[in-house]
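Below you'll find the structure, written out as structure tokens, and then a few comments.
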Amino acid sequence: GAGVSQTPSNKVTEKGKYVELRCDPISGHTALYWYRQSLGQGPEFLIYFQGTGAADDSGLPNDRFFAVRPEGSVSTLKIQRTERGDSAVYLCASSPPGAGTNEQYFGPGTRLTVT
Amino acid sequence: AQSVTQLGSHVSVSEGALVLLRCNYSSSVPPYLFWYVQYPNQGLQLLLKYTTGATLVKGINGFEAEFKKSETSFHLTKPSAHMSDAAEYFCAVRTTSGTYKYIFGTGTRLKVLA
């Protein structure tokens, strides 16, 4: 079946602009995660959704970052007033329902470059 | 707070040699532990996981890892390296209560020499 998809695969934007990154999880998966991966680093947790609500947004670096998942499926990560330091690969992952869900399925990522 | 430490950002082994990638974790409660692999220009793929039960877990592509609570370690091994194993490997930890938040290590890039 279809895996996690992310669009766009690459995004180049100018400093100060607004960007939206989209994640389509695997159908039926209730948990959705966003991560940021900088060069030479591991994925850094940003936010986790269980259904429509953000269960944990403690990884969002500041109030320029915001994410939504209005219908419990597709999620959008929104970054306002982008800065060069926001350049990274943004990863999305989803997990199936069930107590103690513990397997994440990752998308290919969106490479964001802020010039 | 949880954390994960991967010793060695780069590891080189000869084809056919033992692969050993090290991972130590810090957690106030027994965690779930994972190893992921990332091939060039591809997404992360789960290699194996420890949740409960047997402390030696086997994963895909001949990899295995052993959870050692006393050493707070979850090292990844493979008896004989193949060229196709060249990739970046990430260890991750997740709490078993509260929010299901994952913390990843900084990764180890494995190079396999012919």
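Chain labels A, B, ... are given in the sequence in which chains occur in the structure tokens; within each chain residues are numbered consecutively from 1, and ligands are likewise numbered from 1 in the order shown.
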
**Report entry** Spatial neighbours of stretch 83-90 of chain B, max dist 9 Å, only C-alpha atoms, sep filter under 3 positions, as a PyMOL selection string
**Finding:** (chain A and resi 42-43) or (chain B and resi 6+10+14-16+21+23+34-40+44+61+104-114)

Would you pick out the contacts of B:Thr51 at 9 Å or less, using only C-alpha atoms, so that residues sharing its chain but fewer than 2 positions from it are not included, and give the list as an mmCIF file with N, CA and C atoms, in the first residue's frame?
data_model
loop_
_atom_site.group_PDB
_atom_site.id
_atom_site.type_symbol
_atom_site.label_atom_id
_atom_site.label_comp_id
_atom_site.auth_asym_id
_atom_site.auth_seq_id
_atom_site.Cartn_x
_atom_site.Cartn_y
_atom_site.Cartn_z
ATOM 1 N N ASN A 102 4.144 1.621 18.580
ATOM 2 C CA ASN A 102 5.573 1.833 18.711
ATOM 3 C C ASN A 102 6.329 1.656 17.417
ATOM 4 N N PRO B 31 12.437 2.206 28.747
ATOM 5 C CA PRO B 31 11.985 2.741 27.463
ATOM 6 C C PRO B 31 11.736 1.649 26.432
ATOM 7 N N TYR B 32 11.176 2.073 25.315
ATOM 8 C CA TYR B 32 11.219 1.271 24.111
ATOM 9 C C TYR B 32 12.447 1.754 23.323
ATOM 10 N N LEU B 33 13.133 0.839 22.668
ATOM 11 C CA LEU B 33 14.364 1.174 21.956
ATOM 12 C C LEU B 33 14.279 0.720 20.507
ATOM 13 N N PHE B 34 14.871 1.502 19.641
ATOM 14 C CA PHE B 34 14.756 1.258 18.205
ATOM 15 C C PHE B 34 16.089 1.512 17.509
ATOM 16 N N LYS B 49 13.366 -3.387 16.953
ATOM 17 C CA LYS B 49 12.887 -2.670 18.126
ATOM 18 C C LYS B 49 12.856 -3.593 19.337
ATOM 19 N N GLY B 53 9.985 -8.256 26.921
ATOM 20 C CA GLY B 53 10.285 -9.654 26.639
ATOM 21 C C GLY B 53 11.754 -9.891 26.367
ATOM 22 N N ALA B 54 12.023 -10.748 25.420
ATOM 23 C CA ALA B 54 13.398 -11.164 25.122
ATOM 24 C C ALA B 54 14.279 -9.956 24.847
ATOM 25 N N THR B 55 15.432 -9.945 25.486
ATOM 26 C CA THR B 55 16.304 -8.766 25.379
ATOM 27 C C THR B 55 17.155 -8.794 24.118
ATOM 28 N N THR B 96 7.483 4.750 27.650
ATOM 29 C CA THR B 96 6.392 3.776 27.652
ATOM 30 C C THR B 96 5.149 4.342 28.331
#

Report task. Compile the residues of chain A that lie within 8 Å of chain B, evaluated using only C-alpha atoms, and express the compilation as number ranges by chain. Result -> A: 40-45, 48, 55-56, 100, 102-109

Dump as a CSV table (one decimal), in the first residue's frame, selection limited to all heavy atoms:
chain,number,residue,atom,x,y,z
A,40,GLY,N,24.1,16.0,9.2
A,40,GLY,CA,25.0,15.3,10.2
A,40,GLY,C,24.3,15.1,11.5
A,40,GLY,O,25.0,14.7,12.5
A,41,GLN,N,23.0,15.3,11.6
A,41,GLN,CA,22.3,15.1,12.9
A,41,GLN,C,21.2,14.1,12.8
A,41,GLN,O,20.8,13.7,11.6
A,41,GLN,CB,21.7,16.4,13.4
A,41,GLN,CG,22.7,17.5,13.6
A,41,GLN,CD,23.7,17.2,14.7
A,41,GLN,OE1,23.3,16.7,15.8
A,41,GLN,NE2,25.0,17.4,14.5
A,42,GLY,N,20.8,13.6,13.9
A,42,GLY,CA,19.6,12.7,13.9
A,42,GLY,C,18.3,13.5,13.8
A,42,GLY,O,18.3,14.7,14.0
A,43,PRO,N,17.2,12.9,13.5
A,43,PRO,CA,15.9,13.6,13.5
A,43,PRO,C,15.6,14.2,14.9
A,43,PRO,O,15.8,13.6,15.9
A,43,PRO,CB,14.9,12.5,13.2
A,43,PRO,CG,15.7,11.4,12.5
A,43,PRO,CD,17.1,11.5,13.1
A,44,GLU,N,15.2,15.4,14.9
A,44,GLU,CA,14.9,16.2,16.1
A,44,GLU,C,13.4,16.3,16.2
A,44,GLU,O,12.7,16.9,15.3
A,44,GLU,CB,15.6,17.6,16.0
A,44,GLU,CG,15.2,18.5,17.1
A,44,GLU,CD,15.6,19.9,16.8
A,44,GLU,OE1,16.1,20.2,15.7
A,44,GLU,OE2,15.5,20.8,17.7
A,45,PHE,N,12.8,15.8,17.3
A,45,PHE,CA,11.4,15.9,17.4
A,45,PHE,C,10.8,17.3,17.4
A,45,PHE,O,11.4,18.2,18.1
A,45,PHE,CB,11.0,15.2,18.8
A,45,PHE,CG,9.6,15.3,19.2
A,45,PHE,CD1,8.6,14.5,18.7
A,45,PHE,CD2,9.2,16.3,20.1
A,45,PHE,CE1,7.3,14.6,19.0
A,45,PHE,CE2,7.9,16.4,20.5
A,45,PHE,CZ,6.9,15.6,20.0
A,48,TYR,N,3.9,16.0,17.9
A,48,TYR,CA,3.3,14.7,17.7
A,48,TYR,C,1.8,15.0,17.9
A,48,TYR,O,1.3,15.6,18.8
A,48,TYR,CB,3.8,13.8,18.8
A,48,TYR,CG,2.9,12.7,19.3
A,48,TYR,CD1,2.5,11.7,18.4
A,48,TYR,CD2,2.6,12.6,20.6
A,48,TYR,CE1,1.7,10.7,18.8
A,48,TYR,CE2,1.8,11.5,21.1
A,48,TYR,CZ,1.3,10.6,20.2
A,48,TYR,OH,0.6,9.6,20.6
A,55,ALA,N,-0.6,16.2,20.8
A,55,ALA,CA,-0.4,15.6,22.1
A,55,ALA,C,0.9,16.1,22.7
A,55,ALA,O,1.0,16.1,24.0
A,55,ALA,CB,-0.3,14.1,21.9
A,56,ASP,N,1.8,16.6,21.9
A,56,ASP,CA,3.1,17.0,22.5
A,56,ASP,C,3.7,17.9,21.4
A,56,ASP,O,4.1,17.5,20.3
A,56,ASP,CB,4.0,15.9,22.8
A,56,ASP,CG,5.3,16.3,23.5
A,56,ASP,OD1,5.7,17.5,23.4
A,56,ASP,OD2,5.8,15.4,24.3
A,100,GLY,N,0.1,1.8,23.0
A,100,GLY,CA,1.5,1.7,22.9
A,100,GLY,C,2.0,1.5,21.5
A,100,GLY,O,3.0,0.8,21.3
A,102,ASN,N,4.1,1.6,18.6
A,102,ASN,CA,5.6,1.8,18.7
A,102,ASN,C,6.3,1.7,17.4
A,102,ASN,O,7.5,1.4,17.4
A,102,ASN,CB,6.1,0.9,19.8
A,102,ASN,CG,5.7,-0.6,19.5
A,102,ASN,OD1,5.8,-1.0,18.4
A,102,ASN,ND2,5.3,-1.3,20.5
A,103,GLU,N,5.7,1.7,16.3
A,103,GLU,CA,6.4,1.6,15.0
A,103,GLU,C,6.0,2.8,14.2
A,103,GLU,O,4.8,3.1,13.9
A,103,GLU,CB,6.0,0.3,14.3
A,103,GLU,CG,6.9,0.1,13.1
A,103,GLU,CD,7.0,-1.4,12.8
A,103,GLU,OE1,6.7,-2.2,13.6
A,103,GLU,OE2,7.3,-1.7,11.6
A,104,GLN,N,7.0,3.6,13.8
A,104,GLN,CA,6.8,4.7,13.0
A,104,GLN,C,7.2,4.4,11.5
A,104,GLN,O,8.2,3.7,11.3
A,104,GLN,CB,7.7,5.9,13.4
A,104,GLN,CG,7.4,6.4,14.8
A,104,GLN,CD,8.4,7.6,15.1
A,104,GLN,OE1,8.0,8.7,14.9
A,104,GLN,NE2,9.5,7.3,15.5
A,105,TYR,N,6.4,5.0,10.6
A,105,TYR,CA,6.7,4.8,9.2
A,105,TYR,C,7.0,6.2,8.7
A,105,TYR,O,6.2,7.1,8.8
A,105,TYR,CB,5.5,4.2,8.4
A,105,TYR,CG,5.2,2.8,8.9
A,105,TYR,CD1,4.4,2.6,10.0
A,105,TYR,CD2,5.6,1.7,8.1
A,105,TYR,CE1,4.1,1.3,10.5
A,105,TYR,CE2,5.3,0.4,8.6
A,105,TYR,CZ,4.6,0.2,9.7
A,105,TYR,OH,4.3,-1.0,10.1
A,106,PHE,N,8.2,6.4,8.1
A,106,PHE,CA,8.7,7.7,7.7
A,106,PHE,C,8.4,8.0,6.3
A,106,PHE,O,8.5,7.1,5.4
A,106,PHE,CB,10.2,7.8,8.0
A,106,PHE,CG,10.5,8.1,9.4
A,106,PHE,CD1,10.6,7.1,10.3
A,106,PHE,CD2,10.7,9.4,9.9
A,106,PHE,CE1,11.0,7.4,11.7
A,106,PHE,CE2,11.1,9.7,11.2
A,106,PHE,CZ,11.2,8.7,12.1
A,107,GLY,N,8.2,9.3,6.0
A,107,GLY,CA,8.1,9.7,4.6
A,107,GLY,C,9.5,10.1,4.2
A,107,GLY,O,10.5,10.0,4.9
A,108,PRO,N,9.6,10.5,2.9
A,108,PRO,CA,11.0,10.8,2.3
A,108,PRO,C,11.5,12.1,2.7
A,108,PRO,O,12.7,12.4,2.5
A,108,PRO,CB,10.7,10.7,0.8
A,108,PRO,CG,9.3,11.1,0.7
A,108,PRO,CD,8.6,10.5,1.9
A,109,GLY,N,10.7,13.0,3.3
A,109,GLY,CA,11.1,14.3,3.8
A,109,GLY,C,11.0,15.4,2.8
A,109,GLY,O,10.8,15.1,1.6

**Report entry** Counting only C-alpha atoms, the residue of A:Asn62, A:Ser95, A:Thr82, A:Ser27 that sits nearest A:Val12
**Finding:** A:Thr82

Requested in this report: Using backbone DSSP assignments, extract all strand (DSSP E or B) residues from chain A; output them as number ranges by chain.
Outcome: A: 5-7, 10-13, 19-24, 31-37, 44-50, 53-56, 65-68, 75-79, 88-95, 105-106, 110-114

Query - Residues within 10 Å of B:Lys68, only C-alpha atoms, excluding chain neighbours under 6 positions, as a list of chain:residue names - result: B:Asn24, B:Thr55, B:Leu56, B:Phe74, B:His75

Requested in this report: Kindly give the distance, in Å, that separates atom CA of A:Glu83 and atom CA of A:Gly59, rounded to a single decimal.
Outcome: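 Straight-line distance from atom CA of A:Glu83 to atom CA of A:Gly59 works out to 17.4 Å.
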
Query - Contacts of A:Pro25 at 10 Å (only C-alpha atoms; same-chain gap of 4+ positions) as a ChimeraX atom specification - result: /A:2-6,29-33,72-75,92-96,105-107

**Report entry** Contact residues around A:Gly16 with only C-alpha atoms at 12 Å, ignoring same-chain residues under 4 positions, as a list in words
**Finding:** Arg64, Ile79, Gln80, Arg81, Thr82, Glu83, Arg84, Gly85, Asp86, Val114 and Thr115 of chain A

Query raised in the report: Could you name the residues that touch B:Ser3 at 7 Å or less, counting only C-alpha atoms, but leaving out those on the same chain fewer than 5 positions away, as a PyMOL selection string?
Result: chain B and resi 25-27+103

Report task. Provide the atom CA of A:Val89 to atom CA of A:Val68 distance in Å, to one decimal place. Result ->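 Those two atoms sit 18.6 Å apart.
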